[in-house]
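Okay, structure first, notes after.
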Amino acid sequence: MRLRSRLRSWKQTLLRRSHVETDMDAELRSHIDSYAEDLVRTGIPRSEALRRARLEFGGLERVKEECRESRGISFIESLAQDLRYGLRMLRKSPGFTTVAVLTLALGIGANTAIFTILNSAALHLLPVPRADQLVTVGQSIRNTKGSIHRNVHDDDSFVSYSEYQVYAKENRAFSGLLAYSAFTETTLVLNKPQPIMGTLTSCNYFDVLEIRPALGRFFSDSDCAAPGESAVVVLGDSAWRGTFAADPAIVGKTITLNRTPFRVIGIAPPGFDGTVAVASAFWAPVTMVKAFRPARDYLADDYLSWLALIGRLKPGVSARQASANLNVVASGLNSLQPGRITAVTLSRATLLGMPSLRTPLLIIGGLVMAAVGLVLALACANIANLLLARAAGRRKEIAVRLTVGASRARLLRQLLTENLLLAFLGGAAGALASYWSVAALFRFTLAHLPTGPELNFSLHLRSDFNTWLYAFALSAITACLFGLAPALRASRVDLSLAMKDDGAQSQTGTISAGRLRNFLVGSQVAVCMLLLLAAGLLLHGLYRAQTEDPGFRMNDVEAAAFDLSGAGYAPPRAAAFQQQLLDRLASLPGVDAVVQATSIPLANSHDLTGFSTPDKSRDFEVEYNHVSANFFRALDIPLLQGRVFTAAEEQSGAHVTILSQSTARRFFPQQNPIGQVLHGGGEPNSGVTDWQVVGVVADAQVASLGDSRKLYLYEPAGPAQQADLSVMVRTAAQDPSIGKELNTILGDLDPSLSVTIGPMSDTLEFWREPARVVSVFSLILGTLALLLASLGIYGTVSYGVSRRVREIGIRMALGADVRHVMWLVIRQAMFPVLLGALIGAVLCAGVSSVFSAVLFGLSPLDPGSFLLMPAFLLAVALLACYLPARRAMRVDPMVALRYE
Amino acid sequence: MDKQLELLQGTLDMLILKAVSLSPLHGYGILLRIQQISKDRLEIQQGSLYPALYRLEHQGWISSEWGESENNRKAKYYRLTAAGRRRLKTELHNWKRMSDVIAGILRTTPEEI
């Protein structure tokens, strides 16, 4: 019942506000009048009686305000009032409002956009029914004695086929456990060979995911019964629509994948692109792996990590229970190898379930997030600064409101409402802008990343509840960040001083405000310094990537990369192919040399294995490449010691090696490396052997751009490597037709072989593109930061000068030198700038090593950037100080003294 | 006459409830009633009366309606509701207990400890 009466009184106040107000007014007046009448009756004159009645009653407005508050409604009511008032104030100063809203929109928009991408990638569940039941199972293996033999394909958290079968059979936690191997590149031959990317899956894949086919059927258990028996394939929706023109009759027909005929049994529904961030064009049974990767027996290798696992939790089983159960199963695998300790970890299944993909993305995402966060902080500082200046202008208004009875809390609430309004306007604009632009931005970034043409990202950027919540929370936090300090200051006004229009108090009264402003400017400069230095470093890195001499010849060399082993060539057939290719290329006019290598330099294919000296005192991971003997001369890599491979060594695949200079120094310091022996691998199947060092060549950036000291050695391209070799053709002069010739010859030799042909210098683009994206991004942020910071400095100094016109006037009237006055202004303004710059530089020096991947050998403390950028920033800051300071110089003492 | 006493914190609500429990009154009337009963020994800030009235009405312990005052002036009359009557009863009860306790403490002589 009490609730009802409260509701009634709220309803009354809300709906009949003016009525309630007049009621209250009439009631209070009637009280005063009655009292006055009583006083008149005691013989006091009417006018005196009224005066006394009012006096004894107390402040009428204050009483009213208290009455409103005791009705309980006043919070909502005053909020509405504050909002109206806030809107009016914002409308009254459109310049300030526009600048503030735009700045905030930019900051919040950028943050929301980045969050949308991270949210879609790392937080979204898989686009399948009841995705919250799905968990990714990752296996980790520790060893207690010696090293355990383990081969890794894609990610070391993956399991082997036999391990998958153990997990699938023995676990009690899942209603189903599926295995898949994504990123299976293969060649589809329709009219001409084209590369496509798909997924090999266990046959319960679609059942566990609870996906129904759009057409045809999905795999049944019999499809996975025996290795190599069931050549069936399910096509992805986008591949079906794109490559097969959405032909429904394709189901039941046969397509050729990597020379093997596969029968199409079904089409996946639209919206399901697989379980990784790259869309799958097809799915084939995992037992058909030999058709796609003939070089190795994937199914029989018990120590090969190549299958990712996703399980669907049984109803009522928690992730914890499942984890415990699977670890029991995992410990059963320990008996496979002596000293092995197997453990599993469960995580929510997302498109980025693979740790080797997720970790770098989250690191990069975190960095970008931090950078845009800093820009937002900068924007906040700027608006705080503007608000402080405005608060000074509103002192009188605030003083008046305090005098007529507004409480400080009420006033504070009103100022904060104004700030919130500002923040939400900016936040809404920013969130909408990011909503519309993030997909385009993401596509732009992807287009500038080095990805093959067959990559089709299945990441659907979606703005969901999380995104909007993020933007909303960010706006609220922003409002507090930029609004709280100025509002607190503004509501603390000394009434008697503020009511007098006395300029003298402006100096004493704003000392702490000045300190706050200096702090803001200092932190702005620090953030700006940090971002500018990062931009400087990255730009210098990009410059390096563009101009760096990789230490070997790139011009006039055409490279043709192809994968005979993936296409099913056995070594003898591959050798015949290579021989024909070499013969035909050599007969072309203008060809100086035809070079073979398993890895084309800088083409981002890396073979890495452990090598050690015989006494095991030095043991390093070294990249290796199988090359023909003419590799070094054709690519202008100087031979420093010893000799290159002989024709006999090449033909026999002798165990001899040529080291790069740094590698020779690491393994054999102060010794002659020639004739020494290295113990290590080099071929997947031959295991560990001894390699005799026959030569040393100069360091070259063959492995990664900007890094010539990476450990690297060469082995002869022998009979065992024939199926893995690609070719490079060096011509006498720039010959644009050579690419076409290469294509024709390769097409003649094998029409269904998929080949990538291009000038060697194109491989540089792989390294430059990320550098370009990162530098452009950091440059934009840096420029934005500089703009905001210099606006901040300019605003602070010019405000300071305007407050001190009188003081400056007095100084000049007393004979102070004009230049001296200006120096005074600039010195005071530059102090926080210098301090901030110093802090920013130190911060950047602390974190700049994270950029090393795109610096191409540049030191993270590159003196060029660390001198130029601060000089540039300080010059801009000085200019931002100088412009308003010049006004101080022009102050006419007489005008200034009369001013107030 | 003794110097006027300042009102104890929190007692104004109880006094108002008591005053309107005798007969419906307007704001000024409540003030006069309390002063009359207390023989002018209590000092009540006139302004503070109204926020208290609004609060009590909001809580449903008193209700109001406009009427004519004794000197033909429009005035808002407050009356006690049923809930207010119960409230007054508990307040009186609590007050009695409180004043007994305090009086007991104040009466204590050294021998009793």
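By convention here, the chains of the structure tokens are called A, B, ... in the order presented, each chain's residues are numbered starting at 1, and ligands are numbered starting at 1 in the order presented.
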Neighbour list for Ser708 (chain A) as an NGL selection string, cut-off 10 Å, only C-alpha atoms, skip fewer than 6 positions in-chain = :A and (550-551 or 660-662 or 698-702 or 856-857)
inquiry  = Can you work out which residues from chain B touch chain A at a cut-off of 12 Å (counting only C-alpha atoms) and hand them back as a ChimeraX atom specification?
reply    = /B:26-32,43-78,81-84,87
ask   = Separation of CA of Tyr569 (chain A) and CA of Ser628 (chain A), in Å?
value =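 CA of Tyr569 (chain A) sits 19.8 Å away from CA of Ser628 (chain A).
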DSSP-assigned alpha helix (DSSP H) members of region 2-113 of chain B, reported as a ChimeraX atom specification = /B:12-22,27-37,46-58,82-107
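DSSP, applied to the backbone of this structure, assigns strand (DSSP E) to the following residues of chain B: B:Leu5, B:Glu6, B:Leu25, B:His26, B:Leu42, B:Glu43, B:Ile62, B:Ser63, B:Ser64, B:Glu65, B:Trp66, B:Gly67, B:Glu68, B:Lys74, B:Ala75, B:Lys76, B:Tyr77, B:Tyr78, B:Arg79, B:Leu80.
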If you count only C-alpha atoms, which residues fall within 12 Å of Phe158 (chain A), apart from same-chain ones fewer than 4 positions away, as a PDB file with C-alpha atoms, in the first residue's frame?
ATOM      1  CA  THR A 136      38.519 -27.302 -28.642  1.00  0.00           C
ATOM      2  CA  VAL A 137      40.775 -30.005 -27.263  1.00  0.00           C
ATOM      3  CA  GLY A 138      44.486 -29.250 -27.371  1.00  0.00           C
ATOM      4  CA  GLN A 139      47.174 -31.747 -26.467  1.00  0.00           C
ATOM      5  CA  SER A 140      50.545 -30.896 -24.957  1.00  0.00           C
ATOM      6  CA  ILE A 141      53.416 -33.295 -24.515  1.00  0.00           C
ATOM      7  CA  ARG A 150      57.413 -35.516 -32.698  1.00  0.00           C
ATOM      8  CA  ASN A 151      56.532 -34.101 -36.102  1.00  0.00           C
ATOM      9  CA  VAL A 152      54.281 -31.081 -36.322  1.00  0.00           C
ATOM     10  CA  HIS A 153      51.960 -30.048 -39.103  1.00  0.00           C
ATOM     11  CA  ASP A 154      50.297 -26.629 -38.422  1.00  0.00           C
ATOM     12  CA  SER A 162      45.890 -42.891 -33.692  1.00  0.00           C
ATOM     13  CA  GLU A 163      45.750 -40.481 -30.750  1.00  0.00           C
ATOM     14  CA  TYR A 164      42.461 -39.101 -32.087  1.00  0.00           C
ATOM     15  CA  ALA A 179      39.012 -34.256 -35.877  1.00  0.00           C
ATOM     16  CA  TYR A 180      39.970 -32.090 -38.822  1.00  0.00           C
ATOM     17  CA  SER A 181      42.974 -30.802 -40.671  1.00  0.00           C
ATOM     18  CA  ALA A 182      42.224 -27.389 -42.156  1.00  0.00           C
ATOM     19  CA  ASP A 302      51.702 -41.987 -34.464  1.00  0.00           C
ATOM     20  CA  TYR A 303      53.965 -39.065 -33.626  1.00  0.00           C
ATOM     21  CA  LEU A 304      52.620 -36.490 -36.072  1.00  0.00           C
ATOM     22  CA  SER A 305      50.523 -33.591 -34.786  1.00  0.00           C
ATOM     23  CA  TRP A 306      48.158 -32.723 -37.597  1.00  0.00           C
ATOM     24  CA  LEU A 307      44.553 -33.105 -36.422  1.00  0.00           C
ATOM     25  CA  ALA A 308      42.649 -30.467 -34.505  1.00  0.00           C
ATOM     26  CA  LEU A 309      39.917 -31.721 -32.185  1.00  0.00           C
ATOM     27  CA  ILE A 310      36.510 -30.321 -31.308  1.00  0.00           C
ATOM     28  CA  ALA A 343      48.066 -33.464 -21.005  1.00  0.00           C
ATOM     29  CA  VAL A 344      45.066 -31.847 -22.662  1.00  0.00           C
ATOM     30  CA  THR A 345      43.516 -28.416 -22.297  1.00  0.00           C
ATOM     31  CA  GLY A 353      40.874 -22.204 -31.809  1.00  0.00           C
ATOM     32  CA  MET A 354      44.385 -22.816 -33.061  1.00  0.00           C
ATOM     33  CA  PRO A 355      46.906 -21.393 -30.574  1.00  0.00           C
ATOM     34  CA  SER A 356      49.465 -20.725 -33.296  1.00  0.00           C
TER      35      SER A 356
END
Each residue of region 170-280 of chain A with at least one atom at most 12 Å from region 118-128 of chain A should appear once, together with its nearest atom pair and the corresponding distance in Å (one decimal); atoms considered: only C-alpha atoms; ordering: chain, then increasing residue number; output as JSON lines.
{"residue": "A:Tyr205", "atom": "CA", "partner": "A:Val128", "partner_atom": "CA", "distance": 11.9}
{"residue": "A:Phe206", "atom": "CA", "partner": "A:Val128", "partner_atom": "CA", "distance": 9.9}
{"residue": "A:Asp207", "atom": "CA", "partner": "A:Val128", "partner_atom": "CA", "distance": 11.0}
{"residue": "A:Val208", "atom": "CA", "partner": "A:Val128", "partner_atom": "CA", "distance": 9.9}
{"residue": "A:Leu209", "atom": "CA", "partner": "A:Val128", "partner_atom": "CA", "distance": 6.3}
{"residue": "A:Glu210", "atom": "CA", "partner": "A:Val128", "partner_atom": "CA", "distance": 6.9}
{"residue": "A:Ile211", "atom": "CA", "partner": "A:Val128", "partner_atom": "CA", "distance": 6.8}
{"residue": "A:Arg212", "atom": "CA", "partner": "A:Val128", "partner_atom": "CA", "distance": 10.1}
{"residue": "A:Pro269", "atom": "CA", "partner": "A:Val128", "partner_atom": "CA", "distance": 10.7}
{"residue": "A:Pro270", "atom": "CA", "partner": "A:Pro127", "partner_atom": "CA", "distance": 10.7}
{"residue": "A:Gly271", "atom": "CA", "partner": "A:Pro127", "partner_atom": "CA", "distance": 7.4}
{"residue": "A:Phe272", "atom": "CA", "partner": "A:Pro127", "partner_atom": "CA", "distance": 6.6}
{"residue": "A:Asp273", "atom": "CA", "partner": "A:Pro127", "partner_atom": "CA", "distance": 8.7}
{"residue": "A:Gly274", "atom": "CA", "partner": "A:Leu126", "partner_atom": "CA", "distance": 8.7}
{"residue": "A:Thr275", "atom": "CA", "partner": "A:Leu126", "partner_atom": "CA", "distance": 6.8}
{"residue": "A:Val276", "atom": "CA", "partner": "A:Leu126", "partner_atom": "CA", "distance": 8.9}
{"residue": "A:Ala277", "atom": "CA", "partner": "A:Ala121", "partner_atom": "CA", "distance": 7.7}
{"residue": "A:Val278", "atom": "CA", "partner": "A:Ala121", "partner_atom": "CA", "distance": 11.2}
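Contact shell of Pro195 (chain A) at 8 Å (only C-alpha atoms; same-chain neighbours under 4 positions omitted): Glu185, Thr186, Thr187, Leu188, Glu454 and Ser754 of chain A.
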12 Å contact set for Glu91 (chain B), only C-alpha atoms, chain neighbours under 4 positions out, as an mmCIF file with C-alpha atoms, in the first residue's frame:
data_model
loop_
_atom_site.group_PDB
_atom_site.id
_atom_site.type_symbol
_atom_site.label_atom_id
_atom_site.label_comp_id
_atom_site.auth_asym_id
_atom_site.auth_seq_id
_atom_site.Cartn_x
_atom_site.Cartn_y
_atom_site.Cartn_z
ATOM 1 C CA GLY B 10 13.924 12.856 13.808
ATOM 2 C CA THR B 11 11.070 13.849 16.059
ATOM 3 C CA LEU B 12 9.397 16.300 13.701
ATOM 4 C CA ASP B 13 7.702 13.507 11.728
ATOM 5 C CA MET B 14 6.215 12.075 14.899
ATOM 6 C CA LEU B 15 4.967 15.464 16.029
ATOM 7 C CA ILE B 16 3.326 16.108 12.676
ATOM 8 C CA LEU B 17 1.606 12.727 12.736
ATOM 9 C CA LYS B 18 0.390 13.397 16.242
ATOM 10 C CA GLY B 84 -0.227 6.673 9.324
ATOM 11 C CA ARG B 85 -2.193 5.724 12.409
ATOM 12 C CA ARG B 86 -0.270 2.458 12.681
ATOM 13 C CA ARG B 87 2.938 4.312 12.087
ATOM 14 C CA TRP B 95 9.609 6.773 21.687
ATOM 15 C CA LYS B 96 8.349 5.548 25.006
ATOM 16 C CA ARG B 97 10.849 2.743 25.111
ATOM 17 C CA MET B 98 13.653 5.065 24.109
ATOM 18 C CA SER B 99 12.785 7.708 26.679
#
inquiry  = Residues near Gln194 (chain A), anyone? I mean within 12 Å using only C-alpha atoms, not counting same-chain ones fewer than 2 positions away, as a PyMOL selection string.
reply    = chain A and resi 185-192+196-197+243+256-258+452-454+751-756
For C-alpha atoms, I'd like the residues from the last selection saved as a PDB file, in the first residue's frame.
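Okay, part02.pdb is ready:
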ATOM      1  CA  GLU A 185      45.808 -26.761 -50.224  1.00  0.00           C
ATOM      2  CA  THR A 186      45.194 -28.675 -53.366  1.00  0.00           C
ATOM      3  CA  THR A 187      44.637 -28.286 -57.067  1.00  0.00           C
ATOM      4  CA  LEU A 188      41.211 -28.427 -58.614  1.00  0.00           C
ATOM      5  CA  VAL A 189      41.254 -28.960 -62.357  1.00  0.00           C
ATOM      6  CA  LEU A 190      38.218 -27.609 -64.151  1.00  0.00           C
ATOM      7  CA  ASN A 191      39.284 -25.882 -67.364  1.00  0.00           C
ATOM      8  CA  LYS A 192      42.693 -25.104 -65.976  1.00  0.00           C
ATOM      9  CA  ILE A 196      41.725 -24.309 -53.611  1.00  0.00           C
ATOM     10  CA  MET A 197      41.798 -24.788 -49.865  1.00  0.00           C
ATOM     11  CA  THR A 243      33.424 -22.166 -58.916  1.00  0.00           C
ATOM     12  CA  THR A 256      39.325 -33.900 -59.808  1.00  0.00           C
ATOM     13  CA  LEU A 257      41.241 -32.824 -56.742  1.00  0.00           C
ATOM     14  CA  ASN A 258      44.992 -33.271 -56.960  1.00  0.00           C
ATOM     15  CA  GLY A 452      47.386 -16.284 -51.381  1.00  0.00           C
ATOM     16  CA  PRO A 453      44.514 -15.823 -53.819  1.00  0.00           C
ATOM     17  CA  GLU A 454      42.819 -18.922 -52.480  1.00  0.00           C
ATOM     18  CA  PRO A 751      48.908 -29.427 -67.756  1.00  0.00           C
ATOM     19  CA  SER A 752      47.346 -30.103 -64.378  1.00  0.00           C
ATOM     20  CA  LEU A 753      50.203 -28.814 -62.233  1.00  0.00           C
ATOM     21  CA  SER A 754      49.429 -25.618 -60.399  1.00  0.00           C
ATOM     22  CA  VAL A 755      52.332 -23.156 -60.689  1.00  0.00           C
ATOM     23  CA  THR A 756      53.182 -19.717 -59.297  1.00  0.00           C
TER      24      THR A 756
END
query = Near Gly800 (chain A), counting only C-alpha atoms, which residues have an atom at most 12 Å away, once you skip same-chain residues fewer than 2 positions from it, shown as a PyMOL selection string?
reply = chain A and resi 385+388-389+392+506-507+510-511+513-515+517-518+793-798+802-808+824-826+828-829+881+884-885+887-888
request  = Quote the spacing between CA of Met288 (chain A) and CA of Gly228 (chain A) in Å to one decimal place.
outcome  = 4.8 Å
ask   = When you draw a straight line from CA of Gly311 (chain A) to CA of Ile117 (chain A), how long is it in Å?
value =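 Separation of CA of Gly311 (chain A) and CA of Ile117 (chain A): 25.7 Å.
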